[in-house]
Amino acid sequence: MELTLPLLHVVLLLLASHSLANADGVNTTTYIVFMDAARMPAVHRTPALWHAAHLQSLSIDPERHLLYSYSAAAHGFAASLLPDHLPLLRSSPEVLQIVPEAVFELHTTRSPEFLGLLSPAYQPAIQSLEAATHDVVIGVLDTGA
């Protein structure tokens, strides 16, 4: 399944945004870097190894900056980056998009009630809550907890 960039933004819904001080005391910002999976060289056995190697090829130390690799719902990685890292990544043909992490507050843990699906108006259309919740993906949530 090919995901479009607007759909990939759904993956970012609940990622926490923050600035971090790295080991040198320099402030970094966390970004999600979306990669073109079709450009992954066969020499890399996993996307995580490719992400680390890609950062290394741009003289960005993956041990200090790479936070997490994504390969299921999206292809890319989270990294705490310095401002001078951004132009290096943007100039790379393997990089599709770089998005700063965003803070979103969790509104509910009870989606059917939050979406109003338990009101009488929806009961004729939805025969049962059990039937309405099968084979449905509402979102990918990473609360960082």
# chains A, B, ... in the order shown; residues from 1 in each chain; ligands from 1
>>> residues_around(residues="A:His51", least_positions_apart="5", cutoff="8 Å", atoms="only C-alpha atoms", output="list in words")
Ser69, Gly76 and Phe77 of chain A
>>> write_last_selection(atoms="all heavy atoms", output="mmCIF file, in the first residue's frame")
data_model
loop_
_atom_site.group_PDB
_atom_site.id
_atom_site.type_symbol
_atom_site.label_atom_id
_atom_site.label_comp_id
_atom_site.auth_asym_id
_atom_site.auth_seq_id
_atom_site.Cartn_x
_atom_site.Cartn_y
_atom_site.Cartn_z
ATOM 1 N N SER A 69 13.409 4.385 14.355
ATOM 2 C CA SER A 69 13.158 4.116 12.936
ATOM 3 C C SER A 69 11.747 3.583 12.769
ATOM 4 O O SER A 69 11.296 2.749 13.556
ATOM 5 C CB SER A 69 14.152 3.091 12.398
ATOM 6 O OG SER A 69 15.422 3.663 12.261
ATOM 7 N N GLY A 76 10.742 5.978 7.645
ATOM 8 C CA GLY A 76 11.519 7.130 8.050
ATOM 9 C C GLY A 76 12.024 6.964 9.461
ATOM 10 O O GLY A 76 12.055 5.853 10.001
ATOM 11 N N PHE A 77 12.407 8.078 10.049
ATOM 12 C CA PHE A 77 12.960 8.012 11.388
ATOM 13 C C PHE A 77 12.721 9.311 12.123
ATOM 14 O O PHE A 77 12.458 10.351 11.529
ATOM 15 C CB PHE A 77 14.461 7.689 11.343
ATOM 16 C CG PHE A 77 15.288 8.655 10.527
ATOM 17 C CD1 PHE A 77 15.832 9.794 11.103
ATOM 18 C CD2 PHE A 77 15.532 8.409 9.186
ATOM 19 C CE1 PHE A 77 16.597 10.676 10.359
ATOM 20 C CE2 PHE A 77 16.304 9.280 8.431
ATOM 21 C CZ PHE A 77 16.838 10.421 9.021
#
>>> residues_around(residues="A:Ile98", least_positions_apart="4", cutoff="7 Å", atoms="only C-alpha atoms", output="ChimeraX atom specification")
/A:31-34
>>> write_last_selection(atoms="C-alpha atoms", output="CSV table (one decimal), in the first residue's frame")
chain,number,residue,atom,x,y,z
A,31,TYR,CA,12.0,15.9,13.6
A,32,ILE,CA,10.4,13.1,11.7
A,33,VAL,CA,12.3,12.4,8.5
A,34,PHE,CA,10.2,10.5,5.8
>>> closest_residue(among="A:Ala72, A:Leu88, A:Val26, A:Val43", to="A:Ser59", atoms="only C-alpha atoms")
A:Leu88
